[in-house]
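*Asks:* First the structure, then my questions, so here it is.
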Amino acid sequence: MTLNSLTGDTVNSAARVVRGIDELRAALAPARREGQTIGLVPTMGFLHEGHVSLLRAARADCDLVVMSLFVNPTQFGPNEDLDRYPRDEERDLRLASEAGTDIIFAPDVAELYPDGAATAVEVTGGLTSVLDGDPERRGPAHFRGVTTIVAKLFNIVGPDVAYFGQKDAQQAAVIKRMVRDLDFPVRVEVMPIVREEDGLAMSSRNVYLEPADRIRAVALSRALAAAEQQALALDSLQAGLDAARIELAAAAIEPEYLEARDAETLEPVEGLTGRPILIAVAARVGGARLIDNVVIEPLGD
Ligand code: PAF
């Protein structure tokens with residue numbers, strides 16, 4: 001019996017750690033034969049409560065829960081933080097086990113990208129060329145790296161359901177499109193953003209924040225709350241975006257972007273359209289590049 005250090009729950013068994021693709025397929029075969037449902041939670045590790053919420057959802061929905069733990073090099077640009085991305089496998093294994101994970105797939109880079117690997121999966125067009133996909137920012141190559149690794153994980157694990165966080169709203173929209181376009185037989189569940197008590201969206205990269213920047217970083221969630229509140233109160237998306245800019249400026253944060261887009265297609269929107277609208281923000285705060293978002297749901301009649 002172990003104690004979950006985040007929730008205080010007691011749980012029984014440690015997850016099985018699997019490093020190889022063949023070993024994982026063999027481990028999943030009996031469950032598949034018996035018609036059990038398999039849930040997959042893809043992660044890059046350094047787990048926080050956002051990841052734990054995905055694992056718990058998978059545990060509640062599925063017979064078998066697989067978490068992948070792999071810092072995927074193909075989704076990092078040359079000037080990004082691949083080398084210093086935070087890692088703590090021992091802690092991840094403990095937290096994942098405590099959240100009820102059955103199998104942790106933690107391969108090394110050569111297992112997933114053998115020498116000569118030359119194939120990528122790419123969602124083209126407006127979903128991957130805006131916001132983080134703008135070539136001036138992370139660019140479409142970031143999403144090509146994400147869709148390639150997620151497609152590989154889907155092929156390796158064969159999940160019935162896969163769980164992603166709404167914090168990476170654009171990633172979730174891109175993955176949903178890939179699943180639709182390539183007919184992956186998997187249901188994609190997108191779970192709500194999990195926030196610190198003061199509103200900061202949980203992220204493995206929050207560890208890069210120095211104490212003073214950690215305080216400033218709360219302005220992102222304050223800005224999004226102000227945007228939603230003002231947009232709805234004044235029936236004006238522009239008023240919402242203006243309110244958000246004021247909050248960011250008060251914390252001396254210059255956003256990389258602060259944009260309103262259709263939550264599904266990511267097309268730009270001018271006003272409240274009667275469809276869910278994503279307001280997304282990205283900003284560098286000290287040593288961390290942070291993203292956050294809110295979805296304004298259409299008001300009922
Ligand atoms: O969201 C993440 O942590 C990663 O982009 C993912 C989905 C695990 C793919 O590497």
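Going by the structure tokens order, chains are called A, B, ..., each with residues numbered from 1, while ligands are numbered from 1 in the order shown.
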Counting only C-alpha atoms and all ligand atoms, what are the residues, protein, DNA or RNA alike, that approach ligand 1 to within 6 Å? I want them as a PyMOL selection string.
*Replies:* chain A and resi 42-44+72+146+150
*Asks:* Would you list the contacts of Ala141 (chain A) as a PyMOL selection string, taking every protein, DNA or RNA residue within 10 Å and counting only C-alpha atoms, but skipping same-chain residues closer than 2 positions in sequence?
*Replies:* chain A and resi 74-77+122+128-129+133-135+138-139+143-147
*Asks:* Would you export the selected residues with N, CA and C atoms as a PDB file, in the first residue's frame, please?
*Replies:*
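Wrote it out as result34.pdb, contents follow:
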ATOM      1  N   THR A  74      11.537  15.479 -31.491  1.00  0.00           N
ATOM      2  CA  THR A  74      11.136  16.064 -32.780  1.00  0.00           C
ATOM      3  C   THR A  74      10.146  17.224 -32.634  1.00  0.00           C
ATOM      4  N   GLN A  75       9.650  17.462 -31.436  1.00  0.00           N
ATOM      5  CA  GLN A  75       8.731  18.598 -31.287  1.00  0.00           C
ATOM      6  C   GLN A  75       9.423  19.824 -30.682  1.00  0.00           C
ATOM      7  N   PHE A  76      10.742  19.727 -30.467  1.00  0.00           N
ATOM      8  CA  PHE A  76      11.510  20.862 -29.951  1.00  0.00           C
ATOM      9  C   PHE A  76      12.270  21.516 -31.096  1.00  0.00           C
ATOM     10  N   GLY A  77      12.202  22.842 -31.178  1.00  0.00           N
ATOM     11  CA  GLY A  77      12.996  23.561 -32.165  1.00  0.00           C
ATOM     12  C   GLY A  77      14.447  23.634 -31.714  1.00  0.00           C
ATOM     13  N   GLU A 122       1.795  14.886 -40.577  1.00  0.00           N
ATOM     14  CA  GLU A 122       1.620  16.335 -40.489  1.00  0.00           C
ATOM     15  C   GLU A 122       0.183  16.741 -40.798  1.00  0.00           C
ATOM     16  N   THR A 128      -2.104  24.414 -37.952  1.00  0.00           N
ATOM     17  CA  THR A 128      -0.717  24.294 -37.471  1.00  0.00           C
ATOM     18  C   THR A 128       0.168  25.475 -37.860  1.00  0.00           C
ATOM     19  N   SER A 129      -0.417  26.486 -38.537  1.00  0.00           N
ATOM     20  CA  SER A 129       0.431  27.615 -38.968  1.00  0.00           C
ATOM     21  C   SER A 129       0.118  28.892 -38.198  1.00  0.00           C
ATOM     22  N   GLY A 133       2.041  27.710 -33.980  1.00  0.00           N
ATOM     23  CA  GLY A 133       2.537  27.196 -35.263  1.00  0.00           C
ATOM     24  C   GLY A 133       3.015  28.274 -36.222  1.00  0.00           C
ATOM     25  N   ASP A 134       2.821  29.538 -35.872  1.00  0.00           N
ATOM     26  CA  ASP A 134       3.334  30.630 -36.695  1.00  0.00           C
ATOM     27  C   ASP A 134       4.848  30.430 -36.872  1.00  0.00           C
ATOM     28  N   PRO A 135       5.333  30.510 -38.115  1.00  0.00           N
ATOM     29  CA  PRO A 135       6.772  30.272 -38.344  1.00  0.00           C
ATOM     30  C   PRO A 135       7.675  31.191 -37.536  1.00  0.00           C
ATOM     31  N   ARG A 138       6.961  28.852 -32.642  1.00  0.00           N
ATOM     32  CA  ARG A 138       7.496  27.484 -32.659  1.00  0.00           C
ATOM     33  C   ARG A 138       7.438  26.897 -34.068  1.00  0.00           C
ATOM     34  N   GLY A 139       6.446  27.333 -34.835  1.00  0.00           N
ATOM     35  CA  GLY A 139       6.367  26.900 -36.235  1.00  0.00           C
ATOM     36  C   GLY A 139       5.649  25.575 -36.403  1.00  0.00           C
ATOM     37  N   PHE A 143       4.321  21.077 -34.390  1.00  0.00           N
ATOM     38  CA  PHE A 143       3.136  20.204 -34.423  1.00  0.00           C
ATOM     39  C   PHE A 143       3.388  18.936 -35.237  1.00  0.00           C
ATOM     40  N   ARG A 144       4.276  19.034 -36.254  1.00  0.00           N
ATOM     41  CA  ARG A 144       4.634  17.811 -36.998  1.00  0.00           C
ATOM     42  C   ARG A 144       5.300  16.816 -36.034  1.00  0.00           C
ATOM     43  N   GLY A 145       6.139  17.327 -35.137  1.00  0.00           N
ATOM     44  CA  GLY A 145       6.764  16.452 -34.141  1.00  0.00           C
ATOM     45  C   GLY A 145       5.734  15.836 -33.205  1.00  0.00           C
ATOM     46  N   VAL A 146       4.749  16.651 -32.812  1.00  0.00           N
ATOM     47  CA  VAL A 146       3.712  16.150 -31.902  1.00  0.00           C
ATOM     48  C   VAL A 146       2.862  15.083 -32.602  1.00  0.00           C
ATOM     49  N   THR A 147       2.389  15.397 -33.812  1.00  0.00           N
ATOM     50  CA  THR A 147       1.496  14.432 -34.475  1.00  0.00           C
ATOM     51  C   THR A 147       2.255  13.157 -34.857  1.00  0.00           C
TER      52      THR A 147
END
*Asks:* Which residues are near Pro73 (chain A)? Cut-off 10 Å, only C-alpha atoms, ignore same chain within fewer than 6 positions. Put them as a ChimeraX atom specification.
*Replies:* /A:81-83,109,113,142,145-146,149
*Asks:* Let me see the file: selected residues, N, CA, C and O atoms, as an mmCIF file, in the first residue's frame.
*Replies:*
data_model
loop_
_atom_site.group_PDB
_atom_site.id
_atom_site.type_symbol
_atom_site.label_atom_id
_atom_site.label_comp_id
_atom_site.auth_asym_id
_atom_site.auth_seq_id
_atom_site.Cartn_x
_atom_site.Cartn_y
_atom_site.Cartn_z
ATOM 1 N N ASP A 81 14.055 24.114 -25.374
ATOM 2 C CA ASP A 81 14.630 23.653 -24.115
ATOM 3 C C ASP A 81 14.766 22.133 -23.998
ATOM 4 O O ASP A 81 14.710 21.597 -22.890
ATOM 5 N N LEU A 82 15.005 21.442 -25.133
ATOM 6 C CA LEU A 82 15.102 19.975 -25.056
ATOM 7 C C LEU A 82 16.136 19.521 -24.019
ATOM 8 O O LEU A 82 15.868 18.638 -23.209
ATOM 9 N N ASP A 83 17.314 20.141 -24.045
ATOM 10 C CA ASP A 83 18.395 19.669 -23.167
ATOM 11 C C ASP A 83 18.103 19.909 -21.690
ATOM 12 O O ASP A 83 18.543 19.150 -20.839
ATOM 13 N N VAL A 109 15.185 7.226 -26.943
ATOM 14 C CA VAL A 109 14.960 7.879 -28.242
ATOM 15 C C VAL A 109 15.155 6.884 -29.392
ATOM 16 O O VAL A 109 14.385 6.860 -30.365
ATOM 17 N N TYR A 113 12.768 6.390 -32.489
ATOM 18 C CA TYR A 113 13.309 6.963 -33.727
ATOM 19 C C TYR A 113 14.588 6.209 -34.093
ATOM 20 O O TYR A 113 15.700 6.696 -33.859
ATOM 21 N N HIS A 142 6.877 22.096 -34.994
ATOM 22 C CA HIS A 142 6.556 21.654 -33.630
ATOM 23 C C HIS A 142 5.380 20.679 -33.668
ATOM 24 O O HIS A 142 5.434 19.587 -33.082
ATOM 25 N N GLY A 145 6.139 17.327 -35.137
ATOM 26 C CA GLY A 145 6.764 16.452 -34.141
ATOM 27 C C GLY A 145 5.734 15.836 -33.205
ATOM 28 O O GLY A 145 5.799 14.649 -32.884
ATOM 29 N N VAL A 146 4.749 16.651 -32.812
ATOM 30 C CA VAL A 146 3.712 16.150 -31.902
ATOM 31 C C VAL A 146 2.862 15.083 -32.602
ATOM 32 O O VAL A 146 2.634 13.992 -32.052
ATOM 33 N N ILE A 149 4.767 11.755 -33.138
ATOM 34 C CA ILE A 149 4.940 10.882 -31.959
ATOM 35 C C ILE A 149 3.590 10.349 -31.474
ATOM 36 O O ILE A 149 3.481 9.181 -31.070
#
*Asks:* Considering only C-alpha atoms, tabulate each residue of region 252-300 of chain A that lies at most 10 Å from region 180-193 of chain A along with its nearest interatomic pair and the corresponding distance in Å to one decimal; arrange the rows by chain and ascending residue number and present them as a Markdown table.
*Replies:*
| residue | atom | partner | partner_atom | distance |
| --- | --- | --- | --- | --- |
| A:Asp292 | CA | A:Ile193 | CA | 8.7 |
| A:Asn293 | CA | A:Ile193 | CA | 8.8 |
| A:Val294 | CA | A:Ile193 | CA | 9.1 |
*Asks:* How far is it from CA of Val121 (chain A) to CA of Leu153 (chain A), in Å with one decimal?
*Replies:*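 Separating CA of Val121 (chain A) from CA of Leu153 (chain A) is a distance of 12.1 Å.
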*Asks:* Which is closest to Arg94 (chain A) among A:Asp168, A:Leu54, A:Ser13, A:Asn155, if we use only C-alpha atoms?
*Replies:*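 Smallest distance to Arg94 (chain A) is found for A:Ser13.
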*Asks:* Using only C-alpha atoms, which residues sit within 9 Å of Thr37 (chain A) once same-chain residues fewer than 2 positions away are excluded, as a ChimeraX atom specification?
*Replies:* /A:31-32,35,39,61-65,159-161
*Asks:* Can you check which residues of region 10-141 of chain A DSSP gives as strand (DSSP E) on the backbone and send them as a PyMOL selection string?
*Replies:* chain A and resi 10-11+16-18+38-43+64-69+103-105
*Asks:* Interatomic distance between CA of Ala99 (chain A) and CA of Phe164 (chain A)?
*Replies:*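 So the two atoms, CA of Ala99 (chain A) and CA of Phe164 (chain A), lie 15.8 Å apart.
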*Asks:* Which of these residues is nearest to Ala29 (chain A), using only C-alpha atoms: A:Gln229, A:Gly158, A:Phe105, A:Ile253?
*Replies:*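 The answer is A:Gly158, which sits nearest to Ala29 (chain A).
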*Asks:* Do you have the CA of Ala280 (chain A)-CA of Tyr257 (chain A) distance handy?
*Replies:*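 Going from CA of Ala280 (chain A) over to CA of Tyr257 (chain A) covers 7.5 Å.
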*Asks:* Got a sec: who's within 7 Å of region 202-205 of chain A, counting only C-alpha atoms, leaving out chain neighbours fewer than 6 positions off, as a ChimeraX atom specification?
*Replies:* /A:46-48,50,194-196,288
*Asks:* Using only C-alpha atoms, which of the listed residues (A:Asp115, A:Glu270, A:Ile215, A:Val52) sits closest to Gly240 (chain A)?
*Replies:*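 Using only C-alpha atoms, Gly240 (chain A) sits closest to A:Glu270.
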*Asks:* So which one's closest to Ala26 (chain A), A:Pro255, A:Tyr85, A:Val157, A:Thr101? Using only C-alpha atoms, please.
*Replies:*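 Among the listed residues, the smallest separation from Ala26 (chain A) belongs to A:Val157.
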*Asks:* Where in region 40-82 of chain A does DSSP assign helix (DSSP H, G or I), given as a list in words?
*Replies:*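 Selection result, helix (DSSP H, G or I) within region 40-82 of chain A: Glu49, Gly50, His51, Val52, Ser53, Leu54, Leu55, Arg56, Ala57, Ala58, Arg59, Ala60, Asp61, Pro73, Thr74 and Gln75 of chain A.
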*Asks:* Hey, which of A:Ala110, A:Ala227, A:Leu200, A:Val130 ends up closest to Val174 (chain A)? Count only C-alpha atoms.
*Replies:*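 Closest to Val174 (chain A) of all the choices is A:Val130.
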